[in-house]
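Visitor: My structure file model_25.csv, CSV, C-alpha atoms, is below:
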chain,number,residue,atom,x,y,z
G,1,MET,CA,0.0,0.0,0.0
G,2,LYS,CA,1.3,3.4,-0.9
G,3,GLU,CA,2.3,5.7,1.9
G,4,ASN,CA,-0.5,8.2,2.9
G,5,CYS,CA,-3.0,6.2,0.8
G,6,ILE,CA,-6.4,6.5,2.5
G,7,MET,CA,-8.5,3.4,2.3
G,8,GLN,CA,-12.2,3.6,1.4
G,9,MET,CA,-15.1,1.2,2.0
G,10,ARG,CA,-16.3,-0.6,-1.1
G,11,SER,CA,-19.2,1.3,-2.6
G,12,SER,CA,-22.5,-0.5,-3.0
G,13,ARG,CA,-23.4,-1.5,-6.6
G,14,VAL,CA,-27.1,-1.8,-5.6
G,15,LEU,CA,-27.3,1.7,-4.0
G,16,LYS,CA,-25.6,3.2,-7.0
G,17,LYS,CA,-28.2,1.9,-9.3
G,18,LEU,CA,-31.2,2.6,-7.1
G,19,ARG,CA,-30.1,6.2,-6.4
G,20,ALA,CA,-29.8,6.6,-10.2
G,21,GLY,CA,-33.4,5.5,-10.6
G,22,GLN,CA,-32.4,2.2,-12.1
G,23,VAL,CA,-33.5,-1.4,-11.3
G,24,ALA,CA,-31.2,-3.7,-9.3
G,25,SER,CA,-31.3,-7.4,-10.0
G,26,CYS,CA,-30.9,-10.1,-7.3
G,27,VAL,CA,-30.9,-13.9,-7.1
G,28,LYS,CA,-31.3,-15.9,-3.9
G,29,LEU,CA,-28.9,-18.6,-2.8
G,30,ASN,CA,-29.8,-21.5,-0.4
G,31,LEU,CA,-26.5,-23.4,-1.0
G,32,ALA,CA,-23.5,-22.4,1.1
G,33,ASP,CA,-20.7,-23.0,-1.3
G,34,PRO,CA,-18.9,-19.8,-2.3
G,35,ARG,CA,-18.7,-21.1,-5.9
G,36,ALA,CA,-22.5,-20.7,-6.1
G,37,ALA,CA,-22.1,-17.0,-5.2
G,38,GLU,CA,-19.3,-16.6,-7.7
G,39,ILE,CA,-21.3,-18.2,-10.5
G,40,ALA,CA,-24.2,-15.8,-9.9
G,41,ALA,CA,-21.7,-12.9,-9.9
G,42,LEU,CA,-20.0,-14.0,-13.1
G,43,CYS,CA,-23.4,-14.0,-14.8
G,44,GLY,CA,-23.8,-10.3,-14.0
G,45,VAL,CA,-26.4,-10.0,-11.3
G,46,ASP,CA,-26.2,-6.9,-9.2
G,47,CYS,CA,-26.8,-8.6,-5.9
G,48,VAL,CA,-26.7,-12.1,-4.3
G,49,TRP,CA,-29.2,-12.8,-1.5
G,50,LEU,CA,-27.7,-15.0,1.2
G,51,ASP,CA,-29.9,-16.4,4.0
G,52,ARG,CA,-29.6,-17.0,7.7
G,53,GLU,CA,-33.3,-17.1,8.5
G,54,HIS,CA,-34.2,-20.3,6.8
G,55,VAL,CA,-30.8,-21.7,5.8
G,56,ALA,CA,-28.2,-23.4,8.1
G,57,SER,CA,-25.3,-21.4,6.7
G,58,ASP,CA,-22.8,-20.5,9.4
G,59,LEU,CA,-21.0,-17.2,9.6
G,60,ARG,CA,-17.9,-18.6,7.8
G,61,ASP,CA,-20.0,-19.8,4.9
G,62,ILE,CA,-21.6,-16.3,4.6
G,63,GLU,CA,-18.1,-14.6,4.9
G,64,ASN,CA,-16.8,-16.7,2.0
G,65,GLN,CA,-19.8,-16.1,-0.2
G,66,ILE,CA,-19.5,-12.4,0.4
G,67,ARG,CA,-15.9,-12.5,-0.6
G,68,ALA,CA,-16.7,-14.6,-3.7
G,69,ALA,CA,-19.2,-12.0,-4.9
G,70,LYS,CA,-17.0,-9.0,-4.1
G,71,ILE,CA,-14.3,-10.3,-6.4
G,72,HIS,CA,-16.6,-9.5,-9.2
G,73,ASP,CA,-17.9,-6.2,-7.7
G,74,VAL,CA,-21.3,-7.8,-6.9
G,75,ASP,CA,-23.2,-6.9,-3.7
G,76,THR,CA,-24.5,-9.3,-1.2
G,77,VAL,CA,-27.5,-8.9,1.1
G,78,VAL,CA,-27.8,-11.2,4.0
G,79,ARG,CA,-31.2,-12.0,5.5
G,80,VAL,CA,-30.4,-12.1,9.1
G,81,ALA,CA,-31.6,-14.3,11.9
G,82,ARG,CA,-33.7,-12.4,14.4
G,83,GLY,CA,-32.0,-12.3,17.8
G,84,SER,CA,-29.2,-10.2,19.3
G,85,TYR,CA,-27.9,-7.0,17.7
G,86,SER,CA,-24.8,-9.0,16.8
G,87,SER,CA,-26.9,-11.1,14.4
G,88,LEU,CA,-27.7,-7.8,12.6
G,89,ILE,CA,-24.2,-6.4,12.3
G,90,HIS,CA,-22.0,-9.5,11.8
G,91,PRO,CA,-22.9,-9.6,8.0
G,92,LEU,CA,-22.2,-5.9,7.7
G,93,GLU,CA,-18.8,-6.3,9.4
G,94,MET,CA,-18.0,-9.2,6.9
G,95,ASP,CA,-18.7,-6.5,4.2
G,96,ALA,CA,-22.2,-7.5,3.0
G,97,ALA,CA,-23.6,-4.5,1.2
G,98,GLY,CA,-26.8,-4.8,3.1
G,99,ILE,CA,-28.9,-6.8,5.5
G,100,MET,CA,-32.6,-7.9,5.3
G,101,VAL,CA,-34.5,-8.1,8.5
G,102,PRO,CA,-37.4,-10.6,8.2
G,103,HIS,CA,-40.9,-10.2,9.8
G,104,LEU,CA,-40.8,-6.6,10.8
G,105,MET,CA,-43.9,-6.3,13.0
G,106,GLY,CA,-44.3,-2.6,13.6
G,107,LEU,CA,-42.9,0.9,14.0
G,108,GLU,CA,-41.0,0.3,17.3
G,109,ASP,CA,-39.4,-2.8,15.7
G,110,ALA,CA,-38.2,-0.6,12.7
G,111,ARG,CA,-36.8,2.0,15.1
G,112,LYS,CA,-34.9,-0.6,17.0
G,113,VAL,CA,-33.4,-2.1,13.8
G,114,ALA,CA,-32.2,1.4,12.6
G,115,TRP,CA,-30.8,2.2,16.1
G,116,GLN,CA,-28.8,-1.0,16.2
G,117,THR,CA,-27.5,-1.0,12.6
G,118,ARG,CA,-26.6,2.7,12.0
G,119,PHE,CA,-23.8,4.7,13.4
G,120,TYR,CA,-24.1,8.2,14.9
G,121,PRO,CA,-26.0,10.4,14.1
G,122,LEU,CA,-28.5,7.9,12.8
G,123,GLY,CA,-28.2,5.2,15.5
G,124,ARG,CA,-25.9,3.6,18.0
G,125,ARG,CA,-24.4,0.6,16.1
G,126,ALA,CA,-21.5,-0.9,18.0
G,127,VAL,CA,-18.2,0.3,16.5
G,128,ASP,CA,-15.4,-2.0,15.4
G,129,GLY,CA,-13.6,-1.1,12.2
G,130,GLY,CA,-11.2,-4.1,12.4
G,131,ASN,CA,-13.2,-6.3,10.0
G,132,ALA,CA,-13.5,-6.6,6.2
G,133,ASP,CA,-15.9,-3.7,5.9
G,134,GLY,CA,-13.5,-1.3,7.5
G,135,ALA,CA,-10.5,-2.8,5.7
G,136,TYR,CA,-9.2,-4.1,9.0
G,137,CYS,CA,-8.7,-0.7,10.6
G,138,MET,CA,-7.3,0.8,7.4
G,139,VAL,CA,-10.3,3.0,6.9
G,140,PRO,CA,-10.0,5.9,9.3
G,141,PRO,CA,-12.6,5.5,12.1
G,142,LEU,CA,-14.8,8.6,11.4
G,143,ASP,CA,-14.6,7.9,7.6
G,144,TYR,CA,-15.6,4.3,8.3
G,145,MET,CA,-18.7,5.4,10.2
G,146,ARG,CA,-19.8,8.0,7.6
G,147,GLN,CA,-19.2,5.6,4.7
G,148,ALA,CA,-21.0,2.7,6.4
G,149,ASN,CA,-24.1,4.9,6.9
G,150,ARG,CA,-23.9,6.0,3.2
G,151,GLU,CA,-22.8,2.8,1.4
G,152,ARG,CA,-24.6,0.0,3.3
G,153,PHE,CA,-28.3,-0.5,3.2
G,154,VAL,CA,-30.9,-1.9,5.6
G,155,ILE,CA,-34.0,-3.7,4.3
G,156,VAL,CA,-37.0,-4.6,6.4
G,157,GLN,CA,-39.4,-7.2,5.2
G,158,ILE,CA,-43.1,-6.5,5.3
G,159,GLU,CA,-44.5,-10.0,5.2
G,160,ASP,CA,-47.3,-10.0,7.8
G,161,PRO,CA,-50.5,-8.1,8.0
G,162,GLU,CA,-49.7,-6.6,11.4
G,163,PRO,CA,-47.3,-3.8,10.3
G,164,MET,CA,-49.6,-2.6,7.5
G,165,LYS,CA,-51.4,-0.3,9.9
G,166,GLU,CA,-48.1,1.5,10.6
G,167,LEU,CA,-46.7,1.4,7.1
G,168,ASP,CA,-46.5,5.1,6.7
G,169,GLN,CA,-44.6,5.6,9.9
G,170,ILE,CA,-42.3,2.7,9.2
G,171,ALA,CA,-41.4,4.2,5.8
G,172,GLN,CA,-40.3,7.4,7.6
G,173,VAL,CA,-37.8,5.8,9.9
G,174,VAL,CA,-34.4,7.3,9.3
G,175,GLY,CA,-31.9,4.5,8.7
G,176,ILE,CA,-34.2,2.2,6.9
G,177,ASP,CA,-33.5,2.2,3.2
G,178,MET,CA,-36.0,-0.3,1.8
G,179,LEU,CA,-39.4,-2.0,2.4
G,180,PHE,CA,-39.4,-5.5,0.9
G,181,PHE,CA,-42.7,-7.2,0.4
G,182,GLY,CA,-42.8,-11.0,1.1
G,183,PRO,CA,-46.0,-12.4,-0.5
G,184,SER,CA,-45.7,-16.0,0.7
G,185,ASP,CA,-45.7,-15.3,4.4
G,186,PHE,CA,-48.2,-12.4,3.9
G,187,SER,CA,-50.7,-14.8,2.3
G,188,GLN,CA,-50.3,-17.2,5.2
G,189,GLY,CA,-50.7,-14.3,7.6
G,190,ILE,CA,-54.1,-13.5,6.2
G,191,GLY,CA,-55.2,-17.1,6.3
G,192,ASP,CA,-54.9,-17.9,2.6
G,193,PRO,CA,-51.5,-19.6,2.1
G,194,ASN,CA,-49.9,-19.2,-1.3
G,195,ASN,CA,-53.0,-17.7,-2.9
G,196,PHE,CA,-51.2,-14.8,-4.5
G,197,ALA,CA,-54.4,-13.9,-6.4
G,198,ASN,CA,-56.0,-12.9,-3.1
G,199,PRO,CA,-57.0,-9.2,-3.4
G,200,ARG,CA,-55.4,-8.4,0.0
G,201,VAL,CA,-52.0,-9.7,-1.3
G,202,ALA,CA,-52.3,-7.6,-4.5
G,203,GLU,CA,-53.3,-4.6,-2.4
G,204,ALA,CA,-50.4,-5.0,0.0
G,205,ARG,CA,-48.0,-5.4,-3.0
G,206,ARG,CA,-49.2,-2.1,-4.5
G,207,LEU,CA,-49.4,-0.2,-1.2
G,208,ILE,CA,-45.9,-1.2,0.0
G,209,ALA,CA,-44.2,0.1,-3.2
G,210,GLU,CA,-46.4,3.2,-3.2
G,211,THR,CA,-45.7,4.0,0.4
G,212,ALA,CA,-41.9,3.4,0.2
G,213,ARG,CA,-41.6,5.7,-2.8
G,214,ARG,CA,-43.7,8.4,-1.3
G,215,HIS,CA,-41.4,8.7,1.6
G,216,GLY,CA,-38.2,8.5,-0.4
G,217,LYS,CA,-37.4,4.8,0.4
G,218,PHE,CA,-36.8,2.0,-2.1
G,219,ALA,CA,-39.2,-0.9,-2.6
G,220,GLY,CA,-38.1,-4.5,-3.1
G,221,THR,CA,-39.9,-7.8,-3.7
G,222,VAL,CA,-39.7,-11.1,-5.4
G,223,ALA,CA,-40.8,-11.9,-9.0
G,224,THR,CA,-40.4,-14.4,-11.8
G,225,CYS,CA,-38.7,-13.8,-15.1
G,226,GLU,CA,-42.2,-13.3,-16.6
G,227,THR,CA,-43.4,-10.8,-14.0
G,228,ILE,CA,-40.3,-8.5,-13.7
G,229,ALA,CA,-41.8,-5.8,-16.0
G,230,GLU,CA,-45.1,-5.6,-14.1
G,231,THR,CA,-43.3,-5.6,-10.8
G,232,VAL,CA,-41.1,-2.7,-11.9
G,233,ALA,CA,-44.2,-0.9,-13.2
G,234,LEU,CA,-45.6,-1.0,-9.6
G,235,GLY,CA,-42.6,0.9,-8.4
G,236,TYR,CA,-40.3,-1.8,-7.2
G,237,GLN,CA,-36.6,-1.1,-8.0
G,238,PHE,CA,-35.0,-4.1,-6.2
G,239,VAL,CA,-36.3,-7.3,-7.6
G,240,SER,CA,-35.2,-10.8,-6.6
G,241,VAL,CA,-35.8,-13.6,-9.1
G,242,GLY,CA,-35.3,-17.3,-8.6
G,243,ALA,CA,-32.9,-19.3,-6.5
G,244,ASP,CA,-30.0,-21.7,-7.0
G,245,VAL,CA,-32.1,-24.7,-5.7
G,246,LEU,CA,-34.9,-23.9,-8.2
G,247,ALA,CA,-32.4,-23.8,-11.0
G,248,LEU,CA,-30.7,-27.0,-10.1
G,249,GLY,CA,-34.0,-28.8,-9.6
G,250,GLU,CA,-35.3,-27.7,-12.9
G,251,LEU,CA,-32.2,-28.8,-14.7
G,252,PHE,CA,-32.0,-32.2,-13.0
G,253,ARG,CA,-35.7,-32.9,-13.8
G,254,LYS,CA,-35.1,-32.1,-17.4
G,255,VAL,CA,-32.1,-34.5,-17.5
G,256,VAL,CA,-34.2,-37.3,-16.0
G,257,GLN,CA,-37.0,-36.6,-18.4
G,258,ALA,CA,-34.6,-36.7,-21.4
G,259,PHE,CA,-33.5,-40.1,-20.4
G,260,ALA,CA,-37.0,-41.3,-19.8
G,261,GLU,CA,-38.0,-40.2,-23.3
G,262,ILE,CA,-35.5,-42.6,-24.8
G,263,GLY,CA,-36.6,-45.4,-22.6
G,264,SER,CA,-33.5,-45.5,-20.5
Using structure tokens, write down the structure that the file contains.
Guide:
Amino acid sequence: MKENCIMQMRSSRVLKKLRAGQVASCVKLNLADPRAAEIAALCGVDCVWLDREHVASDLRDIENQIRAAKIHDVDTVVRVARGSYSSLIHPLEMDAAGIMVPHLMGLEDARKVAWQTRFYPLGRRAVDGGNADGAYCMVPPLDYMRQANRERFVIVQIEDPEPMKELDQIAQVVGIDMLFFGPSDFSQGIGDPNNFANPRVAEARRLIAETARRHGKFAGTVATCETIAETVALGYQFVSVGADVLALGELFRKVVQAFAEIGS
């Protein structure tokens, strides 16, 4: 390293696109191998979604996948396990570009998330610049805190009917960057599991995007390749499509079917 060279945090590819009014692409990984993250990154997605809510990946798995994506300047967002504040900040310290907090249940929950994940003056996140995000203490401390507040994003998932009554207030919480609609759990929450044609699901999808944009926040959700355009038309800028396990399952079924067709 050159003498007097001041290190900087890596800028977020997703935030750069969203702030420019563009759409950011995302794919979800259930498999823990860093090669899965690197394959997604090599294909050109903007962000890889890693999961600690439903997937048994440990922190070392997540760290290696973050590193594999970063090699190709691709962001990672980690859906955290709800628990201690350390569960929220570990992925950020490993240099994930963002975290996704599942099942946000109301305004006070949102305020607590912002308080625990943002540095002064936005919150009171515990400070330790000696990890990958702070270039192992090579980013000056005050620069590190300012850059982390600017270049890292916090997503809260609206996937239950309960927070809908406080949606406007949640969207105004400083330190929360994005509202992310989860239709599967929402449909279960209203007593109609996996019926995405239910009018309440459609209304929630519309209202979450509209509310986020009205208050200067980004809106995210899931889609299929066939529904990307209509999802973006609703106001969603961060769109996650597909997953590694879905892609592998589809390929393997096709292979088996191909053999079946020749009577093997």
Visitor: Neighbouring residues of G:His54 were defined as those with any atom within 12 Å, considering only C-alpha atoms; residues of the same chain fewer than 3 positions away were excluded. Please report them as number ranges by chain.
Guide: G: 28-31, 50-51, 57-58, 78-82, 102
Visitor: Measuring between only C-alpha atoms, which one of G:Val113, G:Leu179, G:Val232, G:Leu142 shows the shortest distance to G:Ser84?
Guide: G:Val113
Visitor: As a list in words, please: the residues near G:Ile71 (cut-off 12 Å, only C-alpha atoms, same-chain neighbours under 6 positions excluded).
Guide: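 My reading of the contact set: Arg10, Pro34, Arg35, Ala37, Glu38, Ile39, Ala40, Ala41, Leu42, Asn64 and Gln65 of chain G.
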Visitor: Do you have the atom CA of G:Ala69-atom CA of G:Ile158 distance handy?
Guide: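 Interatomic distance, atom CA of G:Ala69 to atom CA of G:Ile158: 26.6 Å.
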Visitor: G:Cys26, G:Val222, G:Ala126, G:Leu18: which is nearest G:Gly44, counting all atoms listed in the file?
Guide: G:Cys26
Visitor: Find the residues around G:Met7 up to 10 Å (all atoms listed in the file counted), leave out those fewer than 3 positions away in its own chain, and share them as a PyMOL selection string.
Guide: chain G and resi 1+4+10+134-135+137-140+143-144
